[in-house]
$ cat work.cif   # mmCIF, C-alpha atoms (C1' of nucleotides)
data_run
loop_
_atom_site.label_atom_id
_atom_site.label_comp_id
_atom_site.auth_asym_id
_atom_site.auth_seq_id
_atom_site.Cartn_x
_atom_site.Cartn_y
_atom_site.Cartn_z
CA MET A 758 21.43 27.48 14.36
CA THR A 759 25.23 27.51 14.38
CA ASP A 760 26.02 26.91 18.02
CA ASP A 761 24.34 23.52 18.26
CA ARG A 762 25.19 20.83 20.73
CA SER A 763 27.75 18.27 19.67
CA ALA A 764 27.58 18.58 15.88
CA ALA A 765 27.65 22.02 14.33
CA GLU A 766 24.81 21.13 11.98
CA PRO A 767 22.95 17.84 11.79
CA ARG A 768 23.17 15.99 8.53
CA TRP A 769 19.67 16.27 7.13
CA LEU A 770 18.10 13.87 4.68
CA THR A 771 18.59 14.35 0.98
CA SER A 772 15.59 15.09 -1.18
CA THR A 773 15.34 11.48 -2.33
CA GLU A 774 15.76 10.15 1.18
CA LEU A 775 13.05 12.48 2.40
CA ASP A 776 10.62 11.28 -0.24
CA THR A 777 11.38 7.71 0.68
CA TRP A 778 10.98 8.45 4.35
CA MET A 779 7.65 10.17 3.87
CA ASN A 780 6.33 7.17 1.97
CA LEU A 781 7.64 4.84 4.63
CA VAL A 782 5.97 6.83 7.38
CA GLN A 783 2.68 6.59 5.52
CA VAL A 784 3.09 2.84 5.35
CA LEU A 785 3.92 2.70 9.05
CA MET A 786 0.81 4.66 9.92
CA LEU A 787 -1.71 3.13 7.53
CA LEU A 788 -0.78 -0.51 7.15
CA PRO A 789 -1.02 -1.54 10.81
CA THR A 790 -4.37 0.20 11.07
CA ALA A 791 -5.68 -1.63 8.02
CA LEU A 792 -4.45 -4.99 9.28
CA ASP A 793 -5.84 -4.40 12.75
CA ARG A 794 -9.24 -3.45 11.44
CA GLN A 795 -9.54 -6.49 9.23
CA LEU A 796 -8.43 -8.95 11.87
CA ARG A 797 -10.51 -7.43 14.60
CA GLU A 798 -13.57 -7.86 12.44
CA GLU A 799 -12.80 -11.44 11.51
CA ALA A 800 -11.17 -12.78 14.66
CA GLY A 801 -11.63 -10.11 17.29
CA ILE A 802 -7.91 -9.62 17.81
CA PRO A 803 -5.33 -7.07 16.67
CA HIS A 804 -2.59 -7.96 14.23
CA ALA A 805 0.04 -8.36 16.94
CA TYR A 806 -2.07 -11.06 18.57
CA TYR A 807 -2.64 -12.82 15.28
CA GLN A 808 1.09 -12.84 14.76
CA ILE A 809 1.55 -14.60 18.09
CA LEU A 810 -0.92 -17.34 17.16
CA ALA A 811 0.57 -17.73 13.70
CA THR A 812 4.12 -17.98 15.01
CA LEU A 813 3.13 -20.60 17.55
CA SER A 814 1.29 -22.62 14.92
CA ASP A 815 4.45 -22.86 12.84
CA GLU A 816 6.43 -24.32 15.69
CA PRO A 817 6.63 -28.09 16.14
CA GLY A 818 4.55 -28.76 19.24
CA ARG A 819 2.87 -25.39 18.79
CA ALA A 820 4.62 -24.11 21.89
CA MET A 821 7.51 -21.79 22.60
CA ARG A 822 9.40 -19.98 25.35
CA MET A 823 8.07 -16.50 25.98
CA THR A 824 11.31 -14.65 25.30
CA HIS A 825 11.93 -16.54 22.07
CA LEU A 826 8.38 -15.87 20.94
CA ALA A 827 8.70 -12.20 21.78
CA ARG A 828 11.80 -11.91 19.64
CA LEU A 829 10.21 -13.72 16.69
CA VAL A 830 7.14 -11.50 16.60
CA GLY A 831 9.19 -8.35 17.17
CA SER A 832 7.67 -7.58 20.54
CA THR A 833 8.82 -6.90 24.08
CA THR A 834 8.37 -9.41 26.87
CA THR A 835 6.04 -7.05 28.69
CA ARG A 836 3.82 -6.68 25.70
CA LEU A 837 3.82 -10.40 25.08
CA SER A 838 2.99 -11.14 28.69
CA HIS A 839 -0.10 -8.96 28.55
CA ALA A 840 -1.06 -10.37 25.17
CA VAL A 841 -0.75 -13.98 26.29
CA THR A 842 -2.83 -13.19 29.36
CA SER A 843 -5.55 -11.87 27.10
CA LEU A 844 -5.29 -14.81 24.70
CA GLU A 845 -5.32 -17.22 27.61
CA GLU A 846 -8.59 -15.74 28.88
CA ARG A 847 -10.14 -16.53 25.52
CA GLY A 848 -8.80 -20.07 25.70
CA TRP A 849 -6.62 -19.76 22.61
CA VAL A 850 -3.25 -20.05 24.35
CA GLN A 851 -2.07 -21.77 27.50
CA ARG A 852 0.89 -21.14 29.75
CA ARG A 853 3.01 -24.03 30.89
CA ALA A 854 5.99 -24.18 33.20
CA CYS A 855 9.33 -24.67 31.52
CA PRO A 856 11.02 -27.88 32.70
CA ALA A 857 14.57 -26.84 31.79
CA ASP A 858 14.48 -23.39 33.38
CA LYS A 859 12.24 -22.64 36.32
CA ARG A 860 12.13 -18.95 35.48
CA GLY A 861 10.70 -19.73 32.09
CA GLN A 862 7.18 -19.95 30.81
CA ILE A 863 6.04 -21.74 27.68
CA ALA A 864 3.13 -20.43 25.64
CA ALA A 865 1.21 -23.16 23.84
CA LEU A 866 -1.45 -22.79 21.16
CA THR A 867 -4.68 -24.62 22.01
CA ASP A 868 -6.94 -26.37 19.52
CA ALA A 869 -9.43 -23.53 19.88
CA GLY A 870 -6.65 -21.08 19.06
CA MET A 871 -5.71 -23.11 16.03
CA ASP A 872 -9.31 -22.98 14.85
CA VAL A 873 -9.42 -19.22 15.18
CA LEU A 874 -6.22 -18.95 13.21
CA ARG A 875 -7.50 -21.20 10.44
CA THR A 876 -10.70 -19.19 10.23
CA ALA A 877 -8.97 -15.82 10.10
CA ALA A 878 -6.09 -16.73 7.83
CA PRO A 879 -7.79 -16.62 4.40
CA GLY A 880 -9.24 -13.17 4.96
CA HIS A 881 -5.96 -11.92 6.32
CA VAL A 882 -3.97 -13.20 3.37
CA ALA A 883 -6.50 -11.70 0.98
CA LYS A 884 -6.11 -8.34 2.69
CA VAL A 885 -2.33 -8.48 2.53
CA ARG A 886 -2.61 -9.29 -1.14
CA ARG A 887 -5.02 -6.47 -1.87
CA ARG A 888 -3.02 -3.95 0.12
CA ILE A 889 0.48 -4.91 -0.97
CA PHE A 890 1.30 -7.59 -3.49
CA GLU A 891 -1.44 -6.81 -5.98
CA HIS A 892 0.32 -3.55 -6.72
CA LEU A 893 3.84 -4.89 -7.10
CA THR A 894 5.65 -6.75 -9.85
CA HIS A 895 7.62 -9.86 -9.05
CA ASP A 896 10.80 -7.83 -9.27
CA ASP A 897 9.39 -5.29 -6.84
CA VAL A 898 8.70 -8.08 -4.38
CA THR A 899 12.22 -9.48 -4.45
CA LEU A 900 13.72 -5.99 -4.24
CA LEU A 901 11.53 -5.13 -1.29
CA ARG A 902 12.53 -8.39 0.37
CA ASP A 903 16.21 -7.60 -0.06
CA ILE A 904 15.93 -3.99 1.06
CA THR A 905 13.91 -4.80 4.17
CA ALA A 906 16.37 -7.59 4.95
CA LYS A 907 19.06 -4.94 5.23
CA ILE A 908 17.01 -2.84 7.62
CA VAL A 909 15.66 -5.44 10.03
CA PRO A 910 19.00 -6.27 11.70
CA ALA A 911 19.57 -2.59 12.43
CA LEU A 912 16.19 -2.46 14.15
CA ASN A 913 16.92 -5.49 16.27
CA ASP A 914 20.10 -4.51 18.00
CA ARG A 915 19.64 -2.62 21.27
CA MET B 563 -10.09 -27.87 3.74
CA THR B 564 -11.96 -28.34 0.46
CA ASP B 565 -15.42 -27.07 1.34
CA ASP B 566 -14.41 -23.54 2.25
CA ARG B 567 -16.68 -20.57 2.16
CA SER B 568 -16.73 -18.54 -1.03
CA ALA B 569 -13.46 -19.59 -2.64
CA ALA B 570 -12.58 -23.26 -2.71
CA GLU B 571 -9.06 -22.53 -1.53
CA PRO B 572 -7.59 -19.13 -0.70
CA ARG B 573 -4.67 -18.04 -2.80
CA TRP B 574 -1.75 -18.18 -0.39
CA LEU B 575 1.42 -16.19 -0.68
CA THR B 576 4.31 -17.51 -2.72
CA SER B 577 7.55 -18.31 -0.98
CA THR B 578 9.13 -15.03 -2.07
CA GLU B 579 6.06 -13.05 -1.09
CA LEU B 580 6.08 -14.71 2.30
CA ASP B 581 9.72 -13.81 2.89
CA THR B 582 8.99 -10.23 1.91
CA TRP B 583 5.94 -10.10 4.12
CA MET B 584 7.80 -11.47 7.12
CA ASN B 585 10.46 -8.81 6.74
CA LEU B 586 7.82 -6.14 6.35
CA VAL B 587 6.04 -7.28 9.49
CA GLN B 588 9.30 -7.02 11.40
CA VAL B 589 9.72 -3.47 10.17
CA LEU B 590 6.13 -2.65 11.16
CA MET B 591 6.70 -4.00 14.65
CA LEU B 592 10.18 -2.70 15.37
CA LEU B 593 10.51 0.64 13.61
CA PRO B 594 7.60 2.45 15.30
CA THR B 595 8.85 1.24 18.66
CA ALA B 596 12.36 2.51 17.97
CA LEU B 597 11.07 5.89 16.77
CA ASP B 598 8.71 6.23 19.72
CA ARG B 599 11.42 5.45 22.23
CA GLN B 600 13.86 7.98 20.81
CA LEU B 601 11.32 10.77 20.56
CA ARG B 602 9.83 10.13 23.96
CA GLU B 603 13.28 10.47 25.47
CA GLU B 604 14.13 13.66 23.63
CA ALA B 605 10.79 15.41 23.39
CA GLY B 606 8.41 13.46 25.58
CA ILE B 607 6.06 12.61 22.74
CA PRO B 608 5.44 9.57 20.54
CA HIS B 609 6.28 9.60 16.85
CA ALA B 610 2.69 10.23 15.78
CA TYR B 611 2.69 13.45 17.79
CA TYR B 612 6.01 14.53 16.35
CA GLN B 613 4.60 13.96 12.89
CA ILE B 614 1.74 16.31 13.69
CA LEU B 615 4.09 19.07 14.79
CA ALA B 616 6.37 18.53 11.80
CA THR B 617 3.51 18.61 9.32
CA LEU B 618 2.14 21.82 10.80
CA SER B 619 5.56 23.44 10.71
CA ASP B 620 5.82 22.86 6.97
CA GLU B 621 2.55 24.61 6.29
CA PRO B 622 2.54 28.34 5.53
CA GLY B 623 1.00 29.92 8.62
CA ARG B 624 1.81 26.76 10.57
CA ALA B 625 -1.89 25.94 10.77
CA MET B 626 -4.23 23.49 9.12
CA ARG B 627 -7.76 22.10 9.16
CA MET B 628 -8.06 19.01 11.34
CA THR B 629 -9.32 16.67 8.66
CA HIS B 630 -6.62 17.72 6.23
CA LEU B 631 -3.96 17.29 8.87
CA ALA B 632 -5.30 13.87 9.77
CA ARG B 633 -5.03 12.73 6.17
CA LEU B 634 -1.50 14.07 5.79
CA VAL B 635 -0.16 12.29 8.85
CA GLY B 636 -2.09 9.12 8.02
CA SER B 637 -4.28 9.29 11.07
CA THR B 638 -7.98 9.20 11.90
CA THR B 639 -9.84 12.28 13.05
CA THR B 640 -10.54 10.67 16.41
CA ARG B 641 -6.90 9.96 17.00
CA LEU B 642 -5.93 13.44 15.90
CA SER B 643 -8.53 15.03 18.14
CA HIS B 644 -7.13 13.28 21.20
CA ALA B 645 -3.58 14.04 20.15
CA VAL B 646 -4.25 17.74 19.63
CA THR B 647 -5.94 17.89 23.00
CA SER B 648 -2.81 16.49 24.57
CA LEU B 649 -0.51 18.78 22.60
CA GLU B 650 -2.73 21.73 23.47
CA GLU B 651 -2.37 20.98 27.17
CA ARG B 652 1.39 21.25 26.77
CA GLY B 653 1.01 24.55 24.94
CA TRP B 654 2.53 23.31 21.69
CA VAL B 655 -0.59 23.53 19.55
CA GLN B 656 -3.67 25.73 19.64
CA ARG B 657 -7.15 25.20 18.29
CA ARG B 658 -8.85 27.97 16.35
CA ALA B 659 -12.30 28.23 14.83
CA CYS B 660 -12.45 27.93 11.07
CA PRO B 661 -13.90 31.09 9.52
CA ALA B 662 -15.00 29.46 6.26
CA ASP B 663 -16.75 26.46 7.82
CA LYS B 664 -18.26 26.63 11.27
CA ARG B 665 -17.93 22.88 11.72
CA GLY B 666 -14.22 23.10 11.22
CA GLN B 667 -11.34 23.46 13.61
CA ILE B 668 -7.88 24.67 12.77
CA ALA B 669 -4.82 23.36 14.58
CA ALA B 670 -1.99 25.88 14.82
CA LEU B 671 1.59 25.28 15.93
CA THR B 672 2.69 27.64 18.71
CA ASP B 673 6.16 29.10 19.13
CA ALA B 674 6.75 26.73 22.03
CA GLY B 675 5.76 23.83 19.79
CA MET B 676 8.15 25.04 17.13
CA ASP B 677 10.94 25.12 19.71
CA VAL B 678 10.25 21.54 20.76
CA LEU B 679 10.31 20.48 17.14
CA ARG B 680 13.61 22.22 16.49
CA THR B 681 15.12 20.63 19.56
CA ALA B 682 13.96 17.12 18.72
CA ALA B 683 14.59 17.17 14.97
CA PRO B 684 18.36 16.54 14.86
CA GLY B 685 18.17 13.51 17.13
CA HIS B 686 15.22 12.18 15.21
CA VAL B 687 16.92 12.53 11.85
CA ALA B 688 20.04 10.88 13.23
CA LYS B 689 17.96 7.93 14.41
CA VAL B 690 16.23 7.56 11.05
CA ARG B 691 19.62 7.61 9.42
CA ARG B 692 21.11 5.02 11.75
CA ARG B 693 18.08 2.75 11.50
CA ILE B 694 17.39 3.01 7.79
CA PHE B 695 19.49 4.97 5.34
CA GLU B 696 22.89 4.02 6.69
CA HIS B 697 22.25 0.48 5.52
CA LEU B 698 21.00 1.26 2.04
CA THR B 699 22.69 2.25 -1.19
CA HIS B 700 21.42 5.19 -3.16
CA ASP B 701 19.77 2.77 -5.58
CA ASP B 702 18.06 1.02 -2.67
CA VAL B 703 16.65 4.32 -1.54
CA THR B 704 15.14 5.23 -4.89
CA LEU B 705 13.78 1.71 -5.34
CA LEU B 706 12.23 1.78 -1.89
CA ARG B 707 10.71 5.16 -2.68
CA ASP B 708 9.15 3.83 -5.88
CA ILE B 709 7.88 0.62 -4.34
CA THR B 710 6.31 2.32 -1.34
CA ALA B 711 4.78 4.88 -3.68
CA LYS B 712 2.84 2.04 -5.29
CA ILE B 713 1.56 0.76 -1.97
CA VAL B 714 0.50 3.97 -0.25
CA PRO B 715 -2.49 4.71 -2.51
CA ALA B 716 -3.85 1.22 -1.88
CA LEU B 717 -3.64 1.86 1.85
CA ASN B 718 -5.48 5.13 1.61
CA ASP B 719 -8.70 3.99 0.03
CA ARG B 720 -10.12 2.11 2.92
"C1'" DG C 1336 28.48 -23.66 49.39
"C1'" DG C 1337 27.54 -18.83 48.82
"C1'" DC C 1338 27.35 -14.35 46.79
"C1'" DA C 1339 27.03 -10.92 42.83
"C1'" DA C 1340 25.32 -10.08 38.48
"C1'" DG C 1341 22.50 -11.07 34.74
"C1'" DT C 1342 18.16 -13.31 32.79
"C1'" DT C 1343 13.13 -14.31 32.67
"C1'" DG C 1344 8.69 -13.08 33.19
"C1'" DT C 1345 4.93 -10.53 35.63
"C1'" DT C 1346 2.35 -6.62 37.57
"C1'" DG C 1347 0.05 -2.01 37.96
"C1'" DA C 1348 -0.31 2.60 36.51
"C1'" DA C 1349 -0.23 5.89 32.88
"C1'" DG C 1350 -0.63 6.96 28.14
"C1'" DC C 1351 -2.19 6.24 23.39
"C1'" DT C 1352 -5.56 4.28 20.03
"C1'" DT C 1353 -9.91 2.49 18.70
"C1'" DC C 1354 -14.85 2.08 18.57
"C1'" DA C 1355 -19.55 3.70 19.09
"C1'" DA C 1356 -22.29 7.47 19.64
"C1'" DG C 1357 -23.54 12.01 19.15
"C1'" DA C 1358 -23.77 17.29 18.51
"C1'" DG C 1359 -23.45 20.83 15.17
"C1'" DC C 1360 -23.05 22.59 10.59
"C1'" DA C 1361 -23.05 22.39 5.18
"C1'" DG C 1362 -25.13 21.29 0.91
"C1'" DC C 1363 -28.80 19.79 -1.85
"C1'" DG C 1364 -33.49 18.78 -3.47
"C1'" DG C 1365 -38.18 19.57 -3.09
"C1'" DC D 1057 -37.27 27.72 3.35
"C1'" DC D 1058 -37.45 23.11 5.21
"C1'" DG D 1059 -35.77 18.82 5.82
"C1'" DC D 1060 -32.70 15.23 4.54
"C1'" DT D 1061 -28.23 13.43 4.02
"C1'" DG D 1062 -23.48 13.75 4.67
"C1'" DC D 1063 -19.41 15.92 6.63
"C1'" DT D 1064 -16.58 17.62 10.69
"C1'" DC D 1065 -15.11 17.04 15.03
"C1'" DT D 1066 -15.55 15.63 19.83
"C1'" DT D 1067 -16.40 12.61 23.82
"C1'" DG D 1068 -16.15 8.55 26.97
"C1'" DA D 1069 -15.25 3.79 27.56
"C1'" DA D 1070 -12.59 -0.19 26.53
"C1'" DG D 1071 -8.49 -2.19 24.89
"C1'" DC D 1072 -3.54 -2.29 23.84
"C1'" DT D 1073 1.27 -0.66 24.75
"C1'" DT D 1074 4.83 1.30 27.49
"C1'" DC D 1075 7.47 2.22 31.59
"C1'" DA D 1076 9.19 1.30 36.17
"C1'" DA D 1077 9.59 -1.86 39.59
"C1'" DC D 1078 9.91 -6.30 41.24
"C1'" DA D 1079 10.14 -11.45 42.34
"C1'" DA D 1080 12.20 -15.68 41.08
"C1'" DC D 1081 15.70 -18.11 39.08
"C1'" DT D 1082 20.29 -19.02 36.67
"C1'" DT D 1083 25.10 -18.42 35.92
"C1'" DG D 1084 29.79 -17.40 36.97
"C1'" DC D 1085 33.07 -16.89 40.42
"C1'" DC D 1086 35.45 -17.15 44.65
#
$ encode --input "work.cif" --output "structure tokens"
Amino acid sequence: MTDDRSAAEPRWLTSTELDTWMNLVQVLMLLPTALDRQLREEAGIPHAYYQILATLSDEPGRAMRMTHLARLVGSTTTRLSHAVTSLEERGWVQRRACPADKRGQIAALTDAGMDVLRTAAPGHVAKVRRRIFEHLTHDDVTLLRDITAKIVPALNDR
Amino acid sequence: MTDDRSAAEPRWLTSTELDTWMNLVQVLMLLPTALDRQLREEAGIPHAYYQILATLSDEPGRAMRMTHLARLVGSTTTRLSHAVTSLEERGWVQRRACPADKRGQIAALTDAGMDVLRTAAPGHVAKVRRRIFEHLTHDDVTLLRDITAKIVPALNDR
DNA sequence: GGCAAGTTGTTGAAGCTTCAAGAGCAGCGG
DNA sequence: CCGCTGCTCTTGAAGCTTCAACAACTTGCC
């Protein structure tokens, strides 16, 4: 254990950090599963797909460049490309050519997609409430907002 | 919008809750990807598989009933069964019959699996540090621990 | 203009996760 | 002791994500 690679001994997590990390891992494993299950029952799509529809619906014109959309939903372009293909087959999204940049593609939310979103939204919000916010005080919520705000930038670069 | 189903109007998230939720969604999308990428480069396995090895290594005897293991890593039995099959093919885990309950299976970490874990651990910890704890104060860490501790139970009871 | 380098988005294969279904065993009540 | 219900775990198919590779276009530069 002494003749390690670059560092003599890696700096392990403290006891508190480890507790925090274990809780966080549980959240990472359980929350997406819970969200996926609920949305697949109500709308037939996983949470990542719902997020795409929701992000588009917030945009004026309900349309957005693929790369921009991918960044907003925290996805890769590959993943988004497959997802949009699937959503397009259901008639909930449409691809359009980008006039400013011929490489580009624009994903646009259709009326049918908007309907699906409106139908699924109440149940989704209720689930988020029941899983998260029901168990937190108002102070907890603002603290969690501030703490996660510090982490997200570090996840984005690279 | 007034003649909805059961409730007249769903209770939407407040502005603060929405900000918190958006940050949390970003974490849910980006963190697993970052962990997976690092571990797949260093050990050839996704984070969920690493978690299985790590959990087994903490257990006296380095072995555990499947259902118990699934609960600890926040997984389903189906998922775990496939994962153990894959880990077994690499020689890092072995299945054993459970003497007390003939339905049961026990997953045991092999020496080779322990080696992989020891090799991958320093890089993994470094990544967790760089992605999370480097950006938080000690108070942040304890607060995050306490807040996540309130959420995890709500995620467990389906 | 023309070339090199970087950006944008897609494709197919491989891997992981989920769902539905089922086989086998445990525990309990009659 | 028999049968019912529930628990444990597995299997195969379908769906989603990732990786590597690539085509098409833009930008910067000579």
$ resolve_selection --input "work.cif" --expression "the PyMOL selection byres ((chain D and resi 1060-1067) around 7)" --output "PDB file with C-alpha atoms (C1' of nucleotides), in the frame of the given file"
ATOM      1  CA  ARG B 665     -17.930  22.880  11.720  1.00  0.00           C
ATOM      2  CA  GLY B 666     -14.220  23.100  11.220  1.00  0.00           C
TER       3      GLY B 666
ATOM      4  C1'  DG D1059     -35.770  18.820   5.820  1.00  0.00           C
ATOM      5  C1'  DG D1068     -16.150   8.550  26.970  1.00  0.00           C
TER       6       DG D1068
END
$ resolve_selection --input "work.cif" --expression "the PyMOL selection byres ((chain A) within 9 of (chain C))" --output "PyMOL selection string"
chain A and resi 823-824+834-835+838-839+860-862
$ calpha_fit_and_write --input "work.cif" --fixed "chain A" --moving "chain B" --output "compact mmCIF listing (two decimals) with C-alpha atoms, in the coordinates of the input"
# COMPACT_ATOMS: atom_id res chain seq x y z
CA MET B 563 21.53 27.54 14.23
CA THR B 564 25.33 27.52 14.21
CA ASP B 565 26.14 26.91 17.86
CA ASP B 566 24.41 23.56 18.17
CA ARG B 567 25.24 20.94 20.70
CA SER B 568 27.75 18.30 19.69
CA ALA B 569 27.64 18.57 15.91
CA ALA B 570 27.72 22.00 14.34
CA GLU B 571 24.87 21.11 12.02
CA PRO B 572 23.00 17.81 11.87
CA ARG B 573 23.21 15.95 8.61
CA TRP B 574 19.71 16.24 7.20
CA LEU B 575 18.13 13.86 4.76
CA THR B 576 18.61 14.34 1.05
CA SER B 577 15.61 15.09 -1.09
CA THR B 578 15.34 11.49 -2.26
CA GLU B 579 15.78 10.15 1.25
CA LEU B 580 13.07 12.49 2.46
CA ASP B 581 10.64 11.29 -0.20
CA THR B 582 11.39 7.70 0.73
CA TRP B 583 10.99 8.42 4.41
CA MET B 584 7.67 10.16 3.92
CA ASN B 585 6.33 7.18 2.02
CA LEU B 586 7.64 4.83 4.67
CA VAL B 587 5.98 6.83 7.42
CA GLN B 588 2.68 6.58 5.57
CA VAL B 589 3.08 2.83 5.39
CA LEU B 590 3.91 2.69 9.11
CA MET B 591 0.81 4.67 9.96
CA LEU B 592 -1.71 3.14 7.58
CA LEU B 593 -0.78 -0.52 7.18
CA PRO B 594 -1.01 -1.55 10.86
CA THR B 595 -4.37 0.18 11.09
CA ALA B 596 -5.68 -1.63 8.02
CA LEU B 597 -4.43 -5.00 9.29
CA ASP B 598 -5.84 -4.41 12.76
CA ARG B 599 -9.24 -3.45 11.44
CA GLN B 600 -9.55 -6.51 9.22
CA LEU B 601 -8.43 -8.95 11.88
CA ARG B 602 -10.53 -7.42 14.61
CA GLU B 603 -13.58 -7.85 12.42
CA GLU B 604 -12.82 -11.44 11.51
CA ALA B 605 -11.18 -12.78 14.64
CA GLY B 606 -11.63 -10.12 17.29
CA ILE B 607 -7.92 -9.62 17.80
CA PRO B 608 -5.34 -7.07 16.66
CA HIS B 609 -2.59 -7.99 14.23
CA ALA B 610 0.03 -8.38 16.95
CA TYR B 611 -2.10 -11.08 18.57
CA TYR B 612 -2.65 -12.84 15.27
CA GLN B 613 1.09 -12.85 14.75
CA ILE B 614 1.53 -14.61 18.08
CA LEU B 615 -0.93 -17.34 17.16
CA ALA B 616 0.57 -17.73 13.69
CA THR B 617 4.11 -17.99 15.01
CA LEU B 618 3.12 -20.61 17.55
CA SER B 619 1.29 -22.62 14.92
CA ASP B 620 4.45 -22.89 12.83
CA GLU B 621 6.44 -24.33 15.69
CA PRO B 622 6.62 -28.11 16.14
CA GLY B 623 4.54 -28.79 19.24
CA ARG B 624 2.86 -25.41 18.78
CA ALA B 625 4.63 -24.12 21.88
CA MET B 626 7.52 -21.81 22.60
CA ARG B 627 9.41 -20.01 25.35
CA MET B 628 8.08 -16.52 25.97
CA THR B 629 11.30 -14.67 25.31
CA HIS B 630 11.92 -16.54 22.08
CA LEU B 631 8.38 -15.88 20.93
CA ALA B 632 8.71 -12.21 21.78
CA ARG B 633 11.81 -11.91 19.63
CA LEU B 634 10.21 -13.72 16.70
CA VAL B 635 7.14 -11.51 16.60
CA GLY B 636 9.21 -8.38 17.20
CA SER B 637 7.66 -7.62 20.54
CA THR B 638 8.80 -6.90 24.08
CA THR B 639 8.35 -9.41 26.87
CA THR B 640 6.01 -7.05 28.70
CA ARG B 641 3.79 -6.68 25.69
CA LEU B 642 3.81 -10.41 25.09
CA SER B 643 2.98 -11.15 28.70
CA HIS B 644 -0.12 -8.97 28.55
CA ALA B 645 -1.08 -10.37 25.18
CA VAL B 646 -0.77 -13.98 26.29
CA THR B 647 -2.84 -13.20 29.35
CA SER B 648 -5.57 -11.89 27.10
CA LEU B 649 -5.31 -14.82 24.69
CA GLU B 650 -5.32 -17.22 27.63
CA GLU B 651 -8.58 -15.74 28.88
CA ARG B 652 -10.14 -16.55 25.52
CA GLY B 653 -8.80 -20.10 25.70
CA TRP B 654 -6.61 -19.78 22.61
CA VAL B 655 -3.25 -20.06 24.34
CA GLN B 656 -2.07 -21.80 27.50
CA ARG B 657 0.88 -21.14 29.74
CA ARG B 658 3.04 -24.03 30.89
CA ALA B 659 6.03 -24.18 33.20
CA CYS B 660 9.37 -24.68 31.51
CA PRO B 661 11.02 -27.89 32.70
CA ALA B 662 14.57 -26.87 31.78
CA ASP B 663 14.48 -23.42 33.37
CA LYS B 664 12.25 -22.66 36.32
CA ARG B 665 12.17 -18.97 35.45
CA GLY B 666 10.73 -19.75 32.07
CA GLN B 667 7.20 -19.94 30.79
CA ILE B 668 6.05 -21.72 27.68
CA ALA B 669 3.14 -20.44 25.62
CA ALA B 670 1.21 -23.18 23.84
CA LEU B 671 -1.45 -22.80 21.15
CA THR B 672 -4.68 -24.63 22.00
CA ASP B 673 -6.95 -26.38 19.53
CA ALA B 674 -9.43 -23.54 19.87
CA GLY B 675 -6.65 -21.09 19.06
CA MET B 676 -5.71 -23.12 16.03
CA ASP B 677 -9.32 -22.99 14.85
CA VAL B 678 -9.43 -19.21 15.17
CA LEU B 679 -6.21 -18.97 13.21
CA ARG B 680 -7.52 -21.20 10.44
CA THR B 681 -10.70 -19.19 10.24
CA ALA B 682 -8.96 -15.82 10.10
CA ALA B 683 -6.06 -16.75 7.82
CA PRO B 684 -7.76 -16.63 4.40
CA GLY B 685 -9.23 -13.18 4.98
CA HIS B 686 -5.95 -11.94 6.33
CA VAL B 687 -3.96 -13.21 3.38
CA ALA B 688 -6.48 -11.70 0.99
CA LYS B 689 -6.09 -8.33 2.70
CA VAL B 690 -2.30 -8.48 2.55
CA ARG B 691 -2.59 -9.29 -1.12
CA ARG B 692 -5.01 -6.47 -1.86
CA ARG B 693 -3.00 -3.95 0.15
CA ILE B 694 0.50 -4.91 -0.94
CA PHE B 695 1.31 -7.59 -3.47
CA GLU B 696 -1.42 -6.80 -5.96
CA HIS B 697 0.35 -3.54 -6.70
CA LEU B 698 3.86 -4.89 -7.09
CA THR B 699 5.67 -6.74 -9.84
CA HIS B 700 7.62 -9.86 -9.04
CA ASP B 701 10.82 -7.83 -9.26
CA ASP B 702 9.39 -5.30 -6.81
CA VAL B 703 8.71 -8.08 -4.37
CA THR B 704 12.22 -9.49 -4.44
CA LEU B 705 13.73 -6.01 -4.23
CA LEU B 706 11.53 -5.15 -1.28
CA ARG B 707 12.53 -8.41 0.38
CA ASP B 708 16.22 -7.61 -0.06
CA ILE B 709 15.94 -4.01 1.07
CA THR B 710 13.93 -4.82 4.18
CA ALA B 711 16.38 -7.62 4.94
CA LYS B 712 19.08 -4.97 5.26
CA ILE B 713 17.03 -2.86 7.63
CA VAL B 714 15.67 -5.47 10.03
CA PRO B 715 19.01 -6.31 11.70
CA ALA B 716 19.58 -2.62 12.42
CA LEU B 717 16.19 -2.47 14.11
CA ASN B 718 16.90 -5.46 16.28
CA ASP B 719 20.00 -4.30 18.06
CA ARG B 720 18.47 -1.69 20.23
$ closest_residue --input "work.cif" --among "B:Thr699, B:Gln600, B:Thr595, B:Thr582" --to "chain A" --atoms "all atoms listed in the file"
B:Thr582
$ interface_residues --input "work.cif" --of "chain D" --to "chain A" --cutoff "9 Å" --atoms "all atoms listed in the file" --output "list in words"
DC1072, DT1073, DT1074, DA1080, DC1081 and DT1082 of chain D
$ axis_aligned_box --input "work.cif" --around "region 1069-1084 of chain D" --padding-each-side "5 Å" --output "AutoDock Vina command-line options"
--center_x 7.3 --center_y -7.6 --center_z 33.1 --size_x 55.0 --size_y 32.8 --size_z 28.5
$ atom_distance --input "work.cif" --atom1 "CA of Arg819 (chain A)" --atom2 "CA of Leu796 (chain A)"
21.1 Å
$ residues_near_point --input "work.cif" --point "(8.8, 2.7, 29.1)" --cutoff "10 Å" --atoms "only C-alpha atoms (C1' of nucleotides)" --output "list in words"
Arg599, Arg602 and Glu603 of chain B; DT1073, DT1074, DC1075 and DA1076 of chain D
$ atom_distance --input "work.cif" --atom1 "CA of Asp868 (chain A)" --atom2 "CA of Lys884 (chain A)"
24.7 Å
$ atom_distance --input "work.cif" --atom1 "CA of Glu604 (chain B)" --atom2 "CA of His686 (chain B)"
8.6 Å
